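Asker: For reference, the file work.cif (mmCIF, C-alpha atoms) is included below:
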data_query
loop_
_atom_site.group_PDB
_atom_site.id
_atom_site.type_symbol
_atom_site.label_atom_id
_atom_site.label_comp_id
_atom_site.auth_asym_id
_atom_site.auth_seq_id
_atom_site.Cartn_x
_atom_site.Cartn_y
_atom_site.Cartn_z
ATOM 1 C CA MET A 507 111.155 103.129 110.497
ATOM 2 C CA ASN A 508 108.480 100.452 110.856
ATOM 3 C CA ILE A 509 106.804 98.419 108.107
ATOM 4 C CA GLY A 510 103.061 97.759 108.413
ATOM 5 C CA ILE A 511 100.126 96.309 106.512
ATOM 6 C CA GLN A 512 96.406 97.032 106.476
ATOM 7 C CA ALA A 513 94.514 94.576 108.675
ATOM 8 C CA LEU A 514 91.501 94.373 106.344
ATOM 9 C CA GLY A 515 91.816 91.304 104.153
ATOM 10 C CA VAL A 516 94.299 89.733 106.557
ATOM 11 C CA VAL A 517 92.872 89.905 110.082
ATOM 12 C CA ALA A 518 89.627 88.111 111.010
ATOM 13 C CA LEU A 519 86.564 90.248 111.760
ATOM 14 C CA GLU A 520 84.911 87.790 114.156
ATOM 15 C CA PRO A 521 87.347 86.798 116.916
ATOM 16 C CA GLU A 522 85.057 84.273 118.565
ATOM 17 C CA ASP A 523 85.083 82.132 115.420
ATOM 18 C CA LYS A 524 88.834 82.089 114.842
ATOM 19 C CA LYS A 525 91.606 80.330 116.722
ATOM 20 C CA GLU A 526 94.082 82.624 114.957
ATOM 21 C CA LEU A 527 93.069 86.176 114.090
ATOM 22 C CA GLY A 528 95.770 86.714 111.456
ATOM 23 C CA PHE A 529 98.539 88.425 113.415
ATOM 24 C CA LYS A 530 100.740 85.329 113.264
ATOM 25 C CA ALA A 531 100.733 85.466 109.464
ATOM 26 C CA ILE A 532 101.560 89.185 109.547
ATOM 27 C CA SER A 533 104.514 88.526 111.837
ATOM 28 C CA GLU A 534 105.769 85.594 109.764
ATOM 29 C CA ALA A 535 105.613 87.720 106.624
ATOM 30 C CA GLY A 536 108.084 90.136 108.191
ATOM 31 C CA PHE A 537 105.987 93.145 109.196
ATOM 32 C CA ASP A 538 106.497 95.169 112.356
ATOM 33 C CA GLY A 539 102.808 95.861 112.859
ATOM 34 C CA VAL A 540 99.412 96.697 111.421
ATOM 35 C CA ASP A 541 97.181 99.503 110.281
ATOM 36 C CA PHE A 542 94.103 98.371 112.184
ATOM 37 C CA SER A 543 90.961 98.646 110.059
ATOM 38 C CA LEU A 544 88.289 99.910 112.428
ATOM 39 C CA GLU A 545 86.167 100.820 109.397
ATOM 40 C CA SER A 546 85.657 97.096 108.789
ATOM 41 C CA PHE A 547 83.404 96.474 111.771
ATOM 42 C CA TYR A 548 80.326 98.465 110.883
ATOM 43 C CA ASP A 549 77.673 98.598 108.160
ATOM 44 C CA THR A 550 77.365 102.058 106.575
ATOM 45 C CA ARG A 551 73.589 101.566 106.334
ATOM 46 C CA SER A 552 73.385 101.673 110.116
ATOM 47 C CA VAL A 553 74.255 105.374 110.085
ATOM 48 C CA SER A 554 70.846 106.399 108.744
ATOM 49 C CA ASP A 555 68.752 103.234 109.086
ATOM 50 C CA ALA A 556 67.858 102.377 112.682
ATOM 51 C CA SER A 557 66.747 98.886 111.605
ATOM 52 C CA VAL A 558 70.357 97.998 110.753
ATOM 53 C CA PRO A 559 72.380 97.177 113.903
ATOM 54 C CA CYS A 560 75.374 99.450 114.384
ATOM 55 C CA PHE A 561 78.469 97.802 115.820
ATOM 56 C CA TYR A 562 79.749 101.029 117.359
ATOM 57 C CA ASP A 563 76.530 101.681 119.267
ATOM 58 C CA GLY A 564 77.771 99.216 121.870
ATOM 59 C CA SER A 565 78.959 100.596 125.194
ATOM 60 C CA PRO A 566 82.651 101.534 125.562
ATOM 61 C CA ASP A 567 83.185 98.540 127.855
ATOM 62 C CA GLU A 568 81.514 96.174 125.378
ATOM 63 C CA LEU A 569 83.619 97.468 122.518
ATOM 64 C CA LYS A 570 86.861 97.173 124.458
ATOM 65 C CA LYS A 571 85.977 93.621 125.481
ATOM 66 C CA PHE A 572 85.377 92.760 121.814
ATOM 67 C CA PHE A 573 88.788 94.091 120.800
ATOM 68 C CA GLU A 574 90.774 92.570 123.674
ATOM 69 C CA PRO A 575 91.573 89.377 121.702
ATOM 70 C CA TYR A 576 93.061 91.525 118.929
ATOM 71 C CA ALA A 577 95.255 93.373 121.401
ATOM 72 C CA ASP A 578 96.337 90.101 123.005
ATOM 73 C CA GLU A 579 97.220 88.360 119.740
ATOM 74 C CA CYS A 580 99.003 91.389 118.347
ATOM 75 C CA ALA A 581 101.234 91.468 121.429
ATOM 76 C CA LYS A 582 101.630 87.687 121.385
ATOM 77 C CA TYR A 583 103.357 87.836 118.020
ATOM 78 C CA GLY A 584 105.479 90.852 118.848
ATOM 79 C CA LEU A 585 103.594 93.264 116.610
ATOM 80 C CA LEU A 586 102.527 96.868 117.088
ATOM 81 C CA PHE A 587 99.367 98.751 116.268
ATOM 82 C CA LEU A 588 101.255 101.267 114.150
ATOM 83 C CA GLN A 589 98.175 103.189 113.057
ATOM 84 C CA ALA A 590 94.432 102.696 112.720
ATOM 85 C CA HIS A 591 91.722 103.741 110.293
ATOM 86 C CA ALA A 592 88.395 105.216 111.359
ATOM 87 C CA PRO A 593 85.056 104.422 109.694
ATOM 88 C CA PHE A 594 84.327 106.716 106.754
ATOM 89 C CA LEU A 595 81.279 107.965 104.892
ATOM 90 C CA ASN A 596 80.666 110.631 102.265
ATOM 91 C CA TYR A 597 78.854 113.615 103.715
ATOM 92 C CA THR A 598 75.102 113.416 103.992
ATOM 93 C CA GLY A 599 72.931 116.483 104.478
ATOM 94 C CA ASP A 600 70.875 114.515 107.000
ATOM 95 C CA GLY A 601 71.930 116.155 110.267
ATOM 96 C CA ALA A 602 70.815 113.254 112.451
ATOM 97 C CA ALA A 603 72.624 110.704 110.306
ATOM 98 C CA TRP A 604 75.828 112.729 110.223
ATOM 99 C CA GLY A 605 75.591 113.272 113.968
ATOM 100 C CA HIS A 606 75.318 109.508 114.446
ATOM 101 C CA PHE A 607 78.286 108.932 112.170
ATOM 102 C CA THR A 608 80.360 111.475 114.098
ATOM 103 C CA GLU A 609 79.673 109.514 117.288
ATOM 104 C CA ILE A 610 80.794 106.324 115.501
ATOM 105 C CA VAL A 611 84.104 107.959 114.602
ATOM 106 C CA LYS A 612 84.531 109.149 118.192
ATOM 107 C CA ARG A 613 84.073 105.578 119.419
ATOM 108 C CA SER A 614 86.661 104.328 116.922
ATOM 109 C CA ILE A 615 89.173 106.933 118.111
ATOM 110 C CA ASP A 616 88.673 105.753 121.675
ATOM 111 C CA ILE A 617 89.196 102.126 120.618
ATOM 112 C CA ALA A 618 92.359 102.982 118.696
ATOM 113 C CA GLY A 619 93.713 104.623 121.828
ATOM 114 C CA PHE A 620 92.749 101.571 123.866
ATOM 115 C CA LEU A 621 94.709 99.356 121.455
ATOM 116 C CA GLY A 622 97.766 101.572 121.826
ATOM 117 C CA SER A 623 97.839 102.968 118.309
ATOM 118 C CA PRO A 624 99.653 106.319 118.180
ATOM 119 C CA TYR A 625 97.578 107.547 115.218
ATOM 120 C CA ILE A 626 94.204 107.084 113.581
ATOM 121 C CA VAL A 627 93.450 108.150 110.009
ATOM 122 C CA VAL A 628 90.172 110.043 109.644
ATOM 123 C CA HIS A 629 88.785 110.938 106.234
ATOM 124 C CA PRO A 630 87.782 114.547 105.736
ATOM 125 C CA LEU A 631 84.173 115.332 104.943
ATOM 126 C CA ILE A 632 83.543 115.050 101.184
ATOM 127 C CA SER A 633 80.383 116.172 99.433
ATOM 128 C CA GLY A 634 81.422 115.049 95.938
ATOM 129 C CA GLY A 635 80.956 118.519 94.506
ATOM 130 C CA GLU A 636 77.512 119.016 96.047
ATOM 131 C CA LEU A 637 78.618 121.809 98.393
ATOM 132 C CA GLU A 638 80.580 124.976 97.785
ATOM 133 C CA GLU A 639 84.236 124.733 98.765
ATOM 134 C CA ARG A 640 83.870 127.287 101.553
ATOM 135 C CA ARG A 641 80.968 125.366 103.073
ATOM 136 C CA GLU A 642 82.909 122.092 102.890
ATOM 137 C CA LEU A 643 85.801 123.696 104.762
ATOM 138 C CA GLU A 644 83.467 125.041 107.458
ATOM 139 C CA LEU A 645 81.870 121.632 107.952
ATOM 140 C CA ASN A 646 85.278 119.948 108.086
ATOM 141 C CA ARG A 647 86.501 122.362 110.727
ATOM 142 C CA ASP A 648 83.423 121.699 112.856
ATOM 143 C CA TYR A 649 83.769 117.936 112.355
ATOM 144 C CA PHE A 650 87.429 117.724 113.341
ATOM 145 C CA MET A 651 86.994 120.105 116.262
ATOM 146 C CA GLN A 652 84.361 117.708 117.637
ATOM 147 C CA LEU A 653 86.859 114.848 117.374
ATOM 148 C CA ALA A 654 89.775 116.684 118.982
ATOM 149 C CA PRO A 655 88.761 116.261 122.666
ATOM 150 C CA VAL A 656 88.226 112.528 122.161
ATOM 151 C CA ALA A 657 91.653 112.128 120.561
ATOM 152 C CA LYS A 658 93.272 114.155 123.324
ATOM 153 C CA GLY A 659 91.622 111.994 125.956
ATOM 154 C CA ALA A 660 92.671 108.799 124.172
ATOM 155 C CA GLY A 661 96.243 110.015 123.755
ATOM 156 C CA ILE A 662 96.179 109.591 119.994
ATOM 157 C CA GLY A 663 96.849 111.743 116.941
ATOM 158 C CA ILE A 664 94.331 112.239 114.121
ATOM 159 C CA CYS A 665 95.800 112.032 110.613
ATOM 160 C CA ILE A 666 93.913 113.712 107.770
ATOM 161 C CA GLU A 667 94.252 111.856 104.478
ATOM 162 C CA ASN A 668 94.545 113.224 100.939
ATOM 163 C CA LEU A 669 91.424 111.991 99.143
ATOM 164 C CA PHE A 670 89.542 112.378 95.855
ATOM 165 C CA TYR A 671 86.131 111.640 94.398
ATOM 166 C CA TYR A 672 84.982 110.344 91.034
ATOM 167 C CA SER A 673 82.913 112.413 88.623
ATOM 168 C CA GLY A 674 82.224 111.089 85.164
ATOM 169 C CA GLY A 675 84.747 108.312 85.747
ATOM 170 C CA THR A 676 87.557 110.781 86.462
ATOM 171 C CA ALA A 677 89.255 111.382 89.823
ATOM 172 C CA LYS A 678 88.606 114.904 91.087
ATOM 173 C CA LYS A 679 90.181 116.923 93.881
ATOM 174 C CA CYS A 680 88.318 117.513 97.137
ATOM 175 C CA PRO A 681 89.119 119.198 100.453
ATOM 176 C CA PHE A 682 92.803 118.714 101.354
ATOM 177 C CA SER A 683 93.752 116.908 98.146
ATOM 178 C CA GLU A 684 96.286 119.711 97.741
ATOM 179 C CA ALA A 685 99.184 119.503 100.187
ATOM 180 C CA GLU A 686 99.343 123.245 100.826
ATOM 181 C CA GLU A 687 95.660 123.385 101.792
ATOM 182 C CA ALA A 688 96.011 120.354 104.063
ATOM 183 C CA VAL A 689 99.023 121.787 105.890
ATOM 184 C CA ASP A 690 97.291 125.125 106.416
ATOM 185 C CA PHE A 691 94.167 123.414 107.733
ATOM 186 C CA ILE A 692 96.147 121.186 110.098
ATOM 187 C CA ARG A 693 98.117 124.137 111.483
ATOM 188 C CA LYS A 694 94.942 126.092 112.158
ATOM 189 C CA LEU A 695 93.272 123.136 113.862
ATOM 190 C CA ASN A 696 96.268 122.526 116.116
ATOM 191 C CA SER A 697 96.394 126.219 116.969
ATOM 192 C CA ASP A 698 92.699 126.227 117.839
ATOM 193 C CA VAL A 699 92.934 123.165 120.106
ATOM 194 C CA GLY A 700 96.263 124.230 121.613
ATOM 195 C CA ALA A 701 97.937 120.890 120.910
ATOM 196 C CA GLY A 702 99.582 119.020 118.036
ATOM 197 C CA ILE A 703 96.766 116.503 117.713
ATOM 198 C CA PHE A 704 96.328 116.736 113.953
ATOM 199 C CA LYS A 705 98.792 115.262 111.463
ATOM 200 C CA TYR A 706 98.843 114.213 107.802
ATOM 201 C CA CYS A 707 98.448 110.847 106.098
ATOM 202 C CA LEU A 708 99.949 110.565 102.613
ATOM 203 C CA ASP A 709 98.087 108.161 100.333
ATOM 204 C CA ILE A 710 100.393 107.627 97.378
ATOM 205 C CA GLY A 711 97.680 105.912 95.318
ATOM 206 C CA HIS A 712 95.327 108.879 95.618
ATOM 207 C CA ALA A 713 98.111 111.271 94.616
ATOM 208 C CA THR A 714 98.707 109.089 91.560
ATOM 209 C CA LEU A 715 95.045 109.252 90.529
ATOM 210 C CA LEU A 716 95.196 113.059 90.692
ATOM 211 C CA LYS A 717 98.482 113.188 88.719
ATOM 212 C CA GLN A 718 100.236 114.991 91.567
ATOM 213 C CA ASP A 719 103.967 115.386 92.142
ATOM 214 C CA VAL A 720 104.617 113.005 95.040
ATOM 215 C CA ARG A 721 108.037 114.373 95.955
ATOM 216 C CA SER A 722 106.715 117.922 96.072
ATOM 217 C CA MET A 723 103.756 116.835 98.217
ATOM 218 C CA ILE A 724 106.035 115.119 100.714
ATOM 219 C CA ASN A 725 108.250 118.172 101.054
ATOM 220 C CA THR A 726 105.225 120.427 101.515
ATOM 221 C CA VAL A 727 103.710 118.311 104.308
ATOM 222 C CA SER A 728 107.037 117.336 105.876
ATOM 223 C CA ASP A 729 106.380 118.763 109.348
ATOM 224 C CA SER A 730 102.884 117.233 109.489
ATOM 225 C CA LEU A 731 103.500 113.851 107.829
ATOM 226 C CA ALA A 732 103.009 111.031 110.348
ATOM 227 C CA VAL A 733 101.691 107.969 108.478
ATOM 228 C CA THR A 734 101.379 106.556 104.974
ATOM 229 C CA HIS A 735 99.060 104.509 102.769
ATOM 230 C CA LEU A 736 101.159 102.740 100.148
ATOM 231 C CA HIS A 737 99.642 100.783 97.286
ATOM 232 C CA ASP A 738 99.592 100.633 93.509
ATOM 233 C CA ASN A 739 97.103 101.541 90.792
ATOM 234 C CA ASN A 740 96.888 102.226 87.065
ATOM 235 C CA GLY A 741 96.379 105.967 87.393
ATOM 236 C CA VAL A 742 92.639 105.619 86.750
ATOM 237 C CA ARG A 743 91.079 103.337 89.354
ATOM 238 C CA ASP A 744 91.784 103.169 93.098
ATOM 239 C CA MET A 745 92.868 99.541 92.953
ATOM 240 C CA HIS A 746 94.910 99.206 96.161
ATOM 241 C CA ALA A 747 97.114 96.680 94.395
ATOM 242 C CA LEU A 748 100.444 95.296 95.560
ATOM 243 C CA PRO A 749 103.357 97.765 95.343
ATOM 244 C CA PHE A 750 105.463 97.720 92.166
ATOM 245 C CA SER A 751 102.831 95.665 90.342
ATOM 246 C CA VAL A 752 101.262 98.116 87.869
ATOM 247 C CA ILE A 753 103.031 99.623 84.833
ATOM 248 C CA SER A 754 101.680 101.981 82.200
ATOM 249 C CA ASN A 755 102.637 99.684 79.330
ATOM 250 C CA TRP A 756 104.727 96.637 78.522
ATOM 251 C CA GLY A 757 108.226 97.159 79.896
ATOM 252 C CA SER A 758 107.546 100.794 80.715
ATOM 253 C CA ALA A 759 107.490 102.976 83.838
ATOM 254 C CA PHE A 760 105.434 102.335 86.944
ATOM 255 C CA CYS A 761 102.198 104.276 87.257
ATOM 256 C CA VAL A 762 103.013 105.229 90.843
ATOM 257 C CA ASP A 763 106.097 107.428 91.124
ATOM 258 C CA TRP A 764 107.981 105.251 93.566
ATOM 259 C CA GLY A 765 111.233 107.042 92.741
ATOM 260 C CA GLY A 766 109.719 110.408 93.634
ATOM 261 C CA PHE A 767 108.385 108.857 96.826
ATOM 262 C CA ILE A 768 111.842 107.607 97.839
ATOM 263 C CA GLN A 769 113.420 110.951 97.032
ATOM 264 C CA GLY A 770 110.775 112.902 98.933
ATOM 265 C CA MET A 771 111.031 110.739 102.021
ATOM 266 C CA ARG A 772 114.808 111.040 101.902
ATOM 267 C CA ASP A 773 114.504 114.844 101.568
ATOM 268 C CA ILE A 774 112.624 115.096 104.859
ATOM 269 C CA ALA A 775 114.479 112.270 106.669
ATOM 270 C CA TYR A 776 111.187 110.458 107.264
ATOM 271 C CA ASP A 777 111.341 107.927 110.087
ATOM 272 C CA GLY A 778 107.670 107.031 110.561
ATOM 273 C CA THR A 779 105.719 104.005 109.378
ATOM 274 C CA LEU A 780 105.642 102.687 105.824
ATOM 275 C CA SER A 781 102.186 101.127 105.803
ATOM 276 C CA PHE A 782 100.738 99.185 102.884
ATOM 277 C CA GLU A 783 97.024 99.652 102.294
ATOM 278 C CA THR A 784 96.546 96.578 100.119
ATOM 279 C CA ALA A 785 93.146 95.222 101.140
ATOM 280 C CA GLY A 786 91.871 95.805 97.604
ATOM 281 C CA ILE A 787 93.956 92.914 96.345
ATOM 282 C CA MET A 788 94.136 90.852 99.552
ATOM 283 C CA LEU A 789 90.342 90.547 99.690
ATOM 284 C CA SER A 790 90.300 89.188 96.130
ATOM 285 C CA MET A 791 93.266 86.856 96.398
ATOM 286 C CA PRO A 792 92.930 83.076 96.986
ATOM 287 C CA GLU A 793 93.789 82.215 100.567
ATOM 288 C CA GLU A 794 96.652 79.991 99.406
ATOM 289 C CA LEU A 795 98.426 82.983 97.868
ATOM 290 C CA LYS A 796 98.071 85.482 100.697
ATOM 291 C CA ALA A 797 101.153 84.448 102.663
ATOM 292 C CA GLY A 798 103.361 84.880 99.610
ATOM 293 C CA ALA A 799 101.778 88.218 98.732
ATOM 294 C CA MET A 800 102.282 89.463 102.276
ATOM 295 C CA SER A 801 105.935 88.364 102.329
ATOM 296 C CA TYR A 802 106.505 90.146 99.024
ATOM 297 C CA THR A 803 104.880 93.327 100.349
ATOM 298 C CA ALA A 804 106.969 93.246 103.532
ATOM 299 C CA TYR A 805 110.079 92.789 101.394
ATOM 300 C CA VAL A 806 109.121 95.844 99.350
ATOM 301 C CA GLY A 807 108.707 97.777 102.595
ATOM 302 C CA LYS A 808 112.218 96.852 103.645
ATOM 303 C CA TYR A 809 113.483 97.786 100.184
ATOM 304 C CA LEU A 810 111.860 101.227 100.398
ATOM 305 C CA LYS A 811 113.186 101.715 103.915
ATOM 306 C CA GLU A 812 116.729 100.892 102.819
ATOM 307 C CA LYS A 813 116.553 103.193 99.796
ATOM 308 C CA ILE A 814 115.141 106.069 101.853
ATOM 309 C CA GLU A 815 117.721 105.681 104.597
ATOM 310 C CA SER A 816 120.742 105.064 102.369
ATOM 311 C CA GLY A 817 119.792 107.266 99.441
ATOM 312 C CA THR A 818 121.250 104.735 97.023
ATOM 313 C CA PHE A 819 118.961 103.926 94.138
ATOM 314 C CA ASP A 820 118.817 104.427 90.408
ATOM 315 C CA ARG A 821 116.084 106.972 89.660
ATOM 316 C CA GLU A 822 115.912 105.853 86.036
ATOM 317 C CA THR A 823 114.844 102.322 86.983
ATOM 318 C CA LEU A 824 111.761 103.624 88.802
#
Here is the file; what I need is its structure written in the form of structure tokens.
Answerer:
Amino acid sequence: MNIGIQALGVVALEPEDKKELGFKAISEAGFDGVDFSLESFYDTRSVSDASVPCFYDGSPDELKKFFEPYADECAKYGLLFLQAHAPFLNYTGDGAAWGHFTEIVKRSIDIAGFLGSPYIVVHPLISGGELEERRELELNRDYFMQLAPVAKGAGIGICIENLFYYSGGTAKKCPFSEAEEAVDFIRKLNSDVGAGIFKYCLDIGHATLLKQDVRSMINTVSDSLAVTHLHDNNGVRDMHALPFSVISNWGSAFCVDWGGFIQGMRDIAYDGTLSFETAGIMLSMPEELKAGAMSYTAYVGKYLKEKIESGTFDRETL
């Protein structure tokens, strides 16, 4: 089981301006690798506004040349690209804009394969309640079927993440928020493409916002679960805070059900990556504190790994 951290907030976005891109600090903190944030390199406005330059409109050779320093430095410090994250955008009814965005995601899948990442997380299409559920499912099937040949060619798996959207300040469910629906969708996609390209990404923070039973979710998606997004929040806002840092009240239980997470992962004998998606706090933190925060997060990863593998922990303390 590997321990990883989100590159955003830690790894530099402009390699030509940095002598060190950030992989050294990740290695020194004790991580095995990174969740490479390919969503960080483009401006969402470029999807529908031709006057805004789009990073991913560069040629495949240009893009690979840009990312070569990242591949080199990652290897230099003995790290792995454990997973990657594709650009994301809420669905727009503008066919041309969505077509452009789909091409951006295809390019990111190709880059993730070039870097050697075994998986890339791709958000499902979300309309925020604007479309009927059946229509959302149809659009998602079409979207992911377009991505499948690219992933197959790049030798990489696509992981569909459990998401949510806000309405009136409250987190609401959207396509594949429910584990059963996600598993059914993934099975059908893999059957249609004739290969096990599609997998599942469990975001524990999103499950917390939707008040879901984490252990039950893990057991439901067990055969499809490939990667994780681990972070903390207060049950209301998607904070992406450091793990084990948010409690519901003074001296009370954690908002995230870390105990249920450990139990669920132990139930299914999970041996994939424990990846911390903590850019929300890392981007806000003073530079002088980042090394300590990263070391703490890596230590938590090792703690979770040990508890999952050994099965020895006190449920009441979590």
Asker: Quick one: of A:Asp648, A:Glu667, A:Glu812, A:Glu579, who's nearest to A:Pro521, counting only C-alpha atoms?
Answerer: A:Glu579
Asker: In terms of the shortest atom-to-atom distance over only C-alpha atoms, which of A:His746, A:Lys813, A:Lys571, A:His735 is closest to A:Gly765?
Answerer: A:Lys813
Asker: Once the PyMOL selection byres ((chain A and resi 754) around 12) is applied to the coordinates I shared, what remains selected? I want it as a list in words.
Answerer: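 This file gives the following for the PyMOL selection byres ((chain A and resi 754) around 12): Asp738, Asn739, Asn740, Gly741, Val742, Phe750, Ser751, Val752, Ile753, Asn755, Trp756, Gly757, Ser758, Ala759, Phe760, Cys761, Val762 and Asp763 of chain A.
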Asker: Which of these, A:Gly702, A:Gly786, A:Pro749, A:Pro792, has the shortest distance to A:Lys658 once you count all atoms listed in the file?
Answerer: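 Among the listed residues, the smallest separation from A:Lys658 belongs to A:Gly702.
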Asker: Quick one: distance from atom CA of A:Val540 to atom CA of A:Phe587 in Å, one decimal?
Answerer: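 Taking atom CA of A:Val540 and atom CA of A:Phe587, their separation equals 5.3 Å.
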Asker: Where does the PyMOL selection byres ((chain A and resi 660) around 12) land in this file, that is, which residues does it pick, as a list in words?
Answerer: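 Taken over the shown coordinates, the PyMOL selection byres ((chain A and resi 660) around 12) returns Lys612, Arg613, Ser614, Ile615, Asp616, Ile617, Ala618, Gly619, Phe620, Leu621, Gly622, Ser623, Pro624, Tyr625, Ile626, Leu653, Ala654, Pro655, Val656, Ala657, Lys658, Gly659, Gly661, Ile662, Gly663, Ile664 and Ile703 of chain A.
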Asker: Excluding A:Ile532 and residues on its chain fewer than 3 positions from it, collect all residues at most 12 Å away from it, counting all atoms listed in the file, and give them as a VMD selection string.
Answerer: chain A and resid 509 to 517 526 to 529 535 to 541 579 to 580 582 to 587 796 to 804
Asker: Could you please determine the separation between atom CA of A:Asp563 and atom CA of A:Ser633 in Å, to one decimal place?
Answerer: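 These two atoms are separated by 24.9 Å.
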Asker: Might you spell out which residues the PyMOL selection byres ((chain A and resi 695) around 12) would select in the displayed file, as an MDAnalysis selection string?
Answerer: chainID A and resid 643:644 646:654 664:666 688:694 696:705
Asker: Nearest to A:Ile724: which of A:Ile787, A:Leu708, A:Val611, A:Ala602 is it, counting all atoms listed in the file?
Answerer: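 Closest to A:Ile724, using all atoms listed in the file: A:Leu708.
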Asker: Every residue with an atom at most 12 Å from (80.8, 88.1, 112.6) (file coordinates; only C-alpha atoms) is what I'm after, so could you write them as a PyMOL selection string?
Answerer: chain A and resi 518-524+546-549+561+572
Asker: What gap, in Å, lies between atom CA of A:Leu731 and atom CA of A:Tyr706?
Answerer: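 Result for atom CA of A:Leu731 versus atom CA of A:Tyr706: 4.7 Å, one decimal.
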Asker: Smallest atom-to-atom distance to A:Cys707: which of A:Ala590, A:Ala603, A:Leu795, A:Leu645, using only C-alpha atoms?
Answerer: A:Ala590
Asker: So which residues are close to (79.7, 110.9, 110.2), meaning at most 10 Å away in the file's coordinates with only C-alpha atoms counted, and can you show them as a ChimeraX atom specification?
Answerer: /A:550,553,593-598,601-612,629-631,649
